[in-house]
file model39.pdb (PDB, C-alpha atoms, pLDDT in the B column)
ATOM      1  CA  MET D   1     -41.736  34.161  33.533  1.00 93.00           C
ATOM      2  CA  SER D   2     -40.895  36.503  30.668  1.00 97.00           C
ATOM      3  CA  ASN D   3     -42.617  36.348  27.302  1.00 98.00           C
ATOM      4  CA  ILE D   4     -39.533  34.945  25.599  1.00 97.00           C
ATOM      5  CA  GLU D   5     -39.313  32.213  28.251  1.00 98.00           C
ATOM      6  CA  LYS D   6     -42.993  31.365  27.733  1.00 97.00           C
ATOM      7  CA  LEU D   7     -42.466  31.091  23.991  1.00 98.00           C
ATOM      8  CA  LYS D   8     -39.381  28.908  24.396  1.00 98.00           C
ATOM      9  CA  GLU D   9     -41.215  26.639  26.848  1.00 98.00           C
ATOM     10  CA  ALA D  10     -44.052  26.271  24.323  1.00 98.00           C
ATOM     11  CA  PHE D  11     -41.556  25.062  21.705  1.00 98.00           C
ATOM     12  CA  VAL D  12     -39.989  22.599  24.146  1.00 98.00           C
ATOM     13  CA  GLU D  13     -43.390  21.227  25.131  1.00 97.00           C
ATOM     14  CA  GLY D  14     -45.112  21.338  21.756  1.00 97.00           C
ATOM     15  CA  LEU D  15     -42.284  20.076  19.572  1.00 98.00           C
ATOM     16  CA  GLU D  16     -40.356  18.058  22.169  1.00 97.00           C
ATOM     17  CA  ILE D  17     -37.017  19.703  21.403  1.00 98.00           C
ATOM     18  CA  PRO D  18     -34.211  20.687  23.790  1.00 98.00           C
ATOM     19  CA  MET D  19     -34.195  24.285  25.002  1.00 98.00           C
ATOM     20  CA  GLU D  20     -30.822  24.816  23.292  1.00 98.00           C
ATOM     21  CA  GLU D  21     -32.410  24.174  19.864  1.00 97.00           C
ATOM     22  CA  VAL D  22     -35.445  26.424  20.233  1.00 98.00           C
ATOM     23  CA  GLU D  23     -34.104  29.684  18.810  1.00 98.00           C
ATOM     24  CA  ALA D  24     -32.862  27.948  15.637  1.00 98.00           C
ATOM     25  CA  ALA D  25     -36.035  25.879  15.203  1.00 98.00           C
ATOM     26  CA  THR D  26     -37.696  25.881  11.802  1.00 98.00           C
ATOM     27  CA  MET D  27     -40.297  23.656  10.225  1.00 97.00           C
ATOM     28  CA  GLU D  28     -37.515  22.075   8.151  1.00 97.00           C
ATOM     29  CA  SER D  29     -35.111  21.451  11.043  1.00 97.00           C
ATOM     30  CA  VAL D  30     -37.506  19.867  13.566  1.00 98.00           C
ATOM     31  CA  ASP D  31     -38.799  16.373  12.793  1.00 96.00           C
ATOM     32  CA  LYS D  32     -41.899  16.724  14.970  1.00 96.00           C
ATOM     33  CA  TRP D  33     -42.887  20.019  13.338  1.00 97.00           C
ATOM     34  CA  ASP D  34     -45.467  18.459  11.049  1.00 96.00           C
ATOM     35  CA  SER D  35     -49.152  19.378  10.833  1.00 94.00           C
ATOM     36  CA  ILE D  36     -49.903  17.792  14.212  1.00 96.00           C
ATOM     37  CA  GLY D  37     -46.851  19.396  15.819  1.00 96.00           C
ATOM     38  CA  GLN D  38     -47.854  22.746  14.326  1.00 96.00           C
ATOM     39  CA  MET D  39     -51.346  22.581  15.834  1.00 96.00           C
ATOM     40  CA  SER D  40     -49.979  21.466  19.200  1.00 97.00           C
ATOM     41  CA  LEU D  41     -47.464  24.312  19.233  1.00 98.00           C
ATOM     42  CA  VAL D  42     -50.099  26.868  18.222  1.00 97.00           C
ATOM     43  CA  ALA D  43     -52.542  25.658  20.893  1.00 98.00           C
ATOM     44  CA  ILE D  44     -49.881  25.864  23.623  1.00 98.00           C
ATOM     45  CA  ILE D  45     -48.847  29.376  22.544  1.00 98.00           C
ATOM     46  CA  GLU D  46     -52.447  30.597  22.293  1.00 98.00           C
ATOM     47  CA  ASP D  47     -53.106  29.296  25.797  1.00 98.00           C
ATOM     48  CA  ALA D  48     -49.880  30.722  27.246  1.00 98.00           C
ATOM     49  CA  PHE D  49     -50.490  34.206  25.848  1.00 98.00           C
ATOM     50  CA  GLY D  50     -54.317  34.325  25.893  1.00 97.00           C
ATOM     51  CA  ILE D  51     -54.550  34.997  22.156  1.00 97.00           C
ATOM     52  CA  GLU D  52     -56.008  33.344  19.073  1.00 97.00           C
ATOM     53  CA  PHE D  53     -54.113  33.063  15.819  1.00 97.00           C
ATOM     54  CA  GLU D  54     -55.762  33.793  12.489  1.00 97.00           C
ATOM     55  CA  PRO D  55     -55.540  30.933   9.945  1.00 97.00           C
ATOM     56  CA  ASP D  56     -53.023  32.853   7.819  1.00 97.00           C
ATOM     57  CA  GLU D  57     -50.837  33.407  10.889  1.00 97.00           C
ATOM     58  CA  VAL D  58     -50.771  29.667  11.548  1.00 97.00           C
ATOM     59  CA  MET D  59     -49.578  29.116   7.973  1.00 96.00           C
ATOM     60  CA  GLN D  60     -46.854  31.775   8.383  1.00 96.00           C
ATOM     61  CA  PHE D  61     -45.627  30.241  11.651  1.00 97.00           C
ATOM     62  CA  THR D  62     -42.707  28.309  10.175  1.00 97.00           C
ATOM     63  CA  SER D  63     -39.892  29.176  12.593  1.00 98.00           C
ATOM     64  CA  PHE D  64     -39.168  30.467  16.066  1.00 98.00           C
ATOM     65  CA  GLU D  65     -38.365  33.896  14.630  1.00 97.00           C
ATOM     66  CA  ALA D  66     -41.559  33.953  12.547  1.00 98.00           C
ATOM     67  CA  GLY D  67     -43.496  33.101  15.692  1.00 97.00           C
ATOM     68  CA  LYS D  68     -41.976  36.033  17.536  1.00 97.00           C
ATOM     69  CA  GLU D  69     -42.993  38.391  14.728  1.00 97.00           C
ATOM     70  CA  ILE D  70     -46.549  37.049  14.682  1.00 97.00           C
ATOM     71  CA  LEU D  71     -46.820  37.460  18.456  1.00 98.00           C
ATOM     72  CA  LYS D  72     -45.569  41.049  18.145  1.00 97.00           C
ATOM     73  CA  ASN D  73     -48.608  41.678  15.915  1.00 96.00           C
ATOM     74  CA  HIS D  74     -50.703  40.609  18.918  1.00 97.00           C
ATOM     75  CA  ASN D  75     -48.937  43.226  21.085  1.00 97.00           C
ATOM     76  CA  ILE D  76     -46.734  40.643  22.818  1.00 98.00           C
ATOM     77  CA  GLU D  77     -43.388  42.256  23.550  1.00 96.00           C
ATOM     78  CA  PHE D  78     -40.007  40.524  23.736  1.00 93.00           C
TER
END
call {"tool": "encode", "arguments": {"input": "model39.pdb", "output": "structure tokens"}}
result
Amino acid sequence: MSNIEKLKEAFVEGLEIPMEEVEAATMESVDKWDSIGQMSLVAIIEDAFGIEFEPDEVMQFTSFEAGKEILKNHNIEF
């Protein structure tokens, strides 16, 4: 599975959204993306990629695209 597929799967699992909505997902557009959803999503992504987010990165993780950029800072390539 590619890195982009892993990230998309994390969004589907963590936020319970359809795959078709993942790339457009933002904190404002996804009902389940509240503080609990955020922590669930972060935990799934950390586990999938074997990384640990810094607290400021968790706060900046407000969209699918922002998540990709944060993961790039951890040397995850897409």
call {"tool": "atom_distance", "arguments": {"input": "model39.pdb", "atom1": "CA of Gly14 in chain D", "atom2": "CA of Ile36 in chain D"}}
result
9.6 Å
call {"tool": "closest_residue", "arguments": {"input": "model39.pdb", "among": "D:Ser2, D:Glu54, D:Phe64, D:Gln38", "to": "Val22 in chain D", "atoms": "all atoms listed in the file"}}
result
D:Phe64
call {"tool": "atom_distance", "arguments": {"input": "model39.pdb", "atom1": "CA of Glu65 in chain D", "atom2": "CA of Ala48 in chain D"}}
result
17.4 Å
call {"tool": "resolve_selection", "arguments": {"input": "model39.pdb", "expression": "the PyMOL selection byres ((chain D and resi 46) around 12)", "output": "PyMOL selection string"}}
result
chain D and resi 6-7+10+14+39-45+47-54+57-58+67+70-71+74+76
call {"tool": "atom_distance", "arguments": {"input": "model39.pdb", "atom1": "CA of Gln60 in chain D", "atom2": "CA of Glu21 in chain D"}}
result
20.0 Å
call {"tool": "residues_around", "arguments": {"input": "model39.pdb", "residues": "Ile17 in chain D", "least_positions_apart": "2", "cutoff": "12 Å", "atoms": "all atoms listed in the file", "output": "ChimeraX atom specification"}}
result
/D:8-15,19-26,29-33,37,41
call {"tool": "decode", "arguments": {"input": "model39.pdb", "residues": "chain D", "atoms": "C-alpha atoms", "output": "PDB file, in the first residue's frame"}}
result
ATOM      1  CA  MET D   1       0.000   0.000   0.000  1.00  0.00           C
ATOM      2  CA  SER D   2       1.346   3.419  -0.944  1.00  0.00           C
ATOM      3  CA  ASN D   3       1.754   6.238   1.548  1.00  0.00           C
ATOM      4  CA  ILE D   4      -1.139   8.191   0.067  1.00  0.00           C
ATOM      5  CA  GLU D   5      -3.366   5.109   0.353  1.00  0.00           C
ATOM      6  CA  LYS D   6      -2.330   4.655   3.993  1.00  0.00           C
ATOM      7  CA  LEU D   7      -3.171   8.271   4.747  1.00  0.00           C
ATOM      8  CA  LYS D   8      -6.545   8.044   3.011  1.00  0.00           C
ATOM      9  CA  GLU D   9      -7.375   4.828   4.880  1.00  0.00           C
ATOM     10  CA  ALA D  10      -6.524   6.567   8.169  1.00  0.00           C
ATOM     11  CA  PHE D  11      -9.043   9.315   7.360  1.00  0.00           C
ATOM     12  CA  VAL D  12     -11.723   6.771   6.447  1.00  0.00           C
ATOM     13  CA  GLU D  13     -11.139   4.826   9.656  1.00  0.00           C
ATOM     14  CA  GLY D  14     -10.503   7.712  12.031  1.00  0.00           C
ATOM     15  CA  LEU D  15     -13.192  10.103  10.841  1.00  0.00           C
ATOM     16  CA  GLU D  16     -15.649   7.583   9.378  1.00  0.00           C
ATOM     17  CA  ILE D  17     -15.947   9.365   6.035  1.00  0.00           C
ATOM     18  CA  PRO D  18     -16.262   7.887   2.534  1.00  0.00           C
ATOM     19  CA  MET D  19     -13.048   7.526   0.547  1.00  0.00           C
ATOM     20  CA  GLU D  20     -14.412   9.971  -2.050  1.00  0.00           C
ATOM     21  CA  GLU D  21     -14.498  12.769   0.567  1.00  0.00           C
ATOM     22  CA  VAL D  22     -11.020  12.283   2.007  1.00  0.00           C
ATOM     23  CA  GLU D  23      -8.994  14.633  -0.189  1.00  0.00           C
ATOM     24  CA  ALA D  24     -11.400  17.534   0.458  1.00  0.00           C
ATOM     25  CA  ALA D  25     -11.661  16.836   4.198  1.00  0.00           C
ATOM     26  CA  THR D  26     -11.152  19.735   6.578  1.00  0.00           C
ATOM     27  CA  MET D  27     -11.937  20.211  10.233  1.00  0.00           C
ATOM     28  CA  GLU D  28     -14.868  22.417   9.195  1.00  0.00           C
ATOM     29  CA  SER D  29     -16.329  20.021   6.614  1.00  0.00           C
ATOM     30  CA  VAL D  30     -16.284  16.772   8.628  1.00  0.00           C
ATOM     31  CA  ASP D  31     -18.738  16.473  11.520  1.00  0.00           C
ATOM     32  CA  LYS D  32     -16.703  13.833  13.354  1.00  0.00           C
ATOM     33  CA  TRP D  33     -13.516  15.908  13.168  1.00  0.00           C
ATOM     34  CA  ASP D  34     -13.800  17.213  16.710  1.00  0.00           C
ATOM     35  CA  SER D  35     -11.206  16.858  19.469  1.00  0.00           C
ATOM     36  CA  ILE D  36     -11.896  13.133  19.848  1.00  0.00           C
ATOM     37  CA  GLY D  37     -11.868  12.585  16.084  1.00  0.00           C
ATOM     38  CA  GLN D  38      -8.613  14.537  15.847  1.00  0.00           C
ATOM     39  CA  MET D  39      -6.894  12.339  18.437  1.00  0.00           C
ATOM     40  CA  SER D  40      -8.223   9.169  16.819  1.00  0.00           C
ATOM     41  CA  LEU D  41      -7.002  10.283  13.399  1.00  0.00           C
ATOM     42  CA  VAL D  42      -3.583  11.262  14.760  1.00  0.00           C
ATOM     43  CA  ALA D  43      -3.177   7.944  16.603  1.00  0.00           C
ATOM     44  CA  ILE D  44      -4.062   5.939  13.477  1.00  0.00           C
ATOM     45  CA  ILE D  45      -1.635   7.952  11.327  1.00  0.00           C
ATOM     46  CA  GLU D  46       1.175   7.715  13.888  1.00  0.00           C
ATOM     47  CA  ASP D  47       0.698   3.951  14.025  1.00  0.00           C
ATOM     48  CA  ALA D  48       0.471   3.552  10.240  1.00  0.00           C
ATOM     49  CA  PHE D  49       3.656   5.523   9.582  1.00  0.00           C
ATOM     50  CA  GLY D  50       5.652   4.714  12.748  1.00  0.00           C
ATOM     51  CA  ILE D  51       6.006   8.376  13.715  1.00  0.00           C
ATOM     52  CA  GLU D  52       5.013  10.650  16.580  1.00  0.00           C
ATOM     53  CA  PHE D  53       3.535  14.083  16.042  1.00  0.00           C
ATOM     54  CA  GLU D  54       4.675  17.077  18.063  1.00  0.00           C
ATOM     55  CA  PRO D  55       1.858  18.920  19.899  1.00  0.00           C
ATOM     56  CA  ASP D  56       2.080  21.889  17.517  1.00  0.00           C
ATOM     57  CA  GLU D  57       1.762  19.537  14.537  1.00  0.00           C
ATOM     58  CA  VAL D  58      -1.445  18.101  15.982  1.00  0.00           C
ATOM     59  CA  MET D  59      -2.839  21.635  16.252  1.00  0.00           C
ATOM     60  CA  GLN D  60      -1.847  22.393  12.632  1.00  0.00           C
ATOM     61  CA  PHE D  61      -3.479  19.194  11.349  1.00  0.00           C
ATOM     62  CA  THR D  62      -6.727  20.782  10.180  1.00  0.00           C
ATOM     63  CA  SER D  63      -7.146  19.250   6.716  1.00  0.00           C
ATOM     64  CA  PHE D  64      -6.068  16.372   4.523  1.00  0.00           C
ATOM     65  CA  GLU D  65      -3.631  18.661   2.708  1.00  0.00           C
ATOM     66  CA  ALA D  66      -2.196  19.998   5.979  1.00  0.00           C
ATOM     67  CA  GLY D  67      -1.687  16.411   7.095  1.00  0.00           C
ATOM     68  CA  LYS D  68       0.267  15.612   3.957  1.00  0.00           C
ATOM     69  CA  GLU D  69       2.550  18.596   4.557  1.00  0.00           C
ATOM     70  CA  ILE D  70       3.141  17.609   8.181  1.00  0.00           C
ATOM     71  CA  LEU D  71       3.978  14.045   7.138  1.00  0.00           C
ATOM     72  CA  LYS D  72       6.434  15.389   4.549  1.00  0.00           C
ATOM     73  CA  ASN D  73       8.274  17.023   7.474  1.00  0.00           C
ATOM     74  CA  HIS D  74       8.661  13.493   8.862  1.00  0.00           C
ATOM     75  CA  ASN D  75      10.250  12.366   5.565  1.00  0.00           C
ATOM     76  CA  ILE D  76       7.088  10.603   4.374  1.00  0.00           C
ATOM     77  CA  GLU D  77       6.897  10.953   0.608  1.00  0.00           C
ATOM     78  CA  PHE D  78       3.748  11.095  -1.518  1.00  0.00           C
TER      79      PHE D  78
END
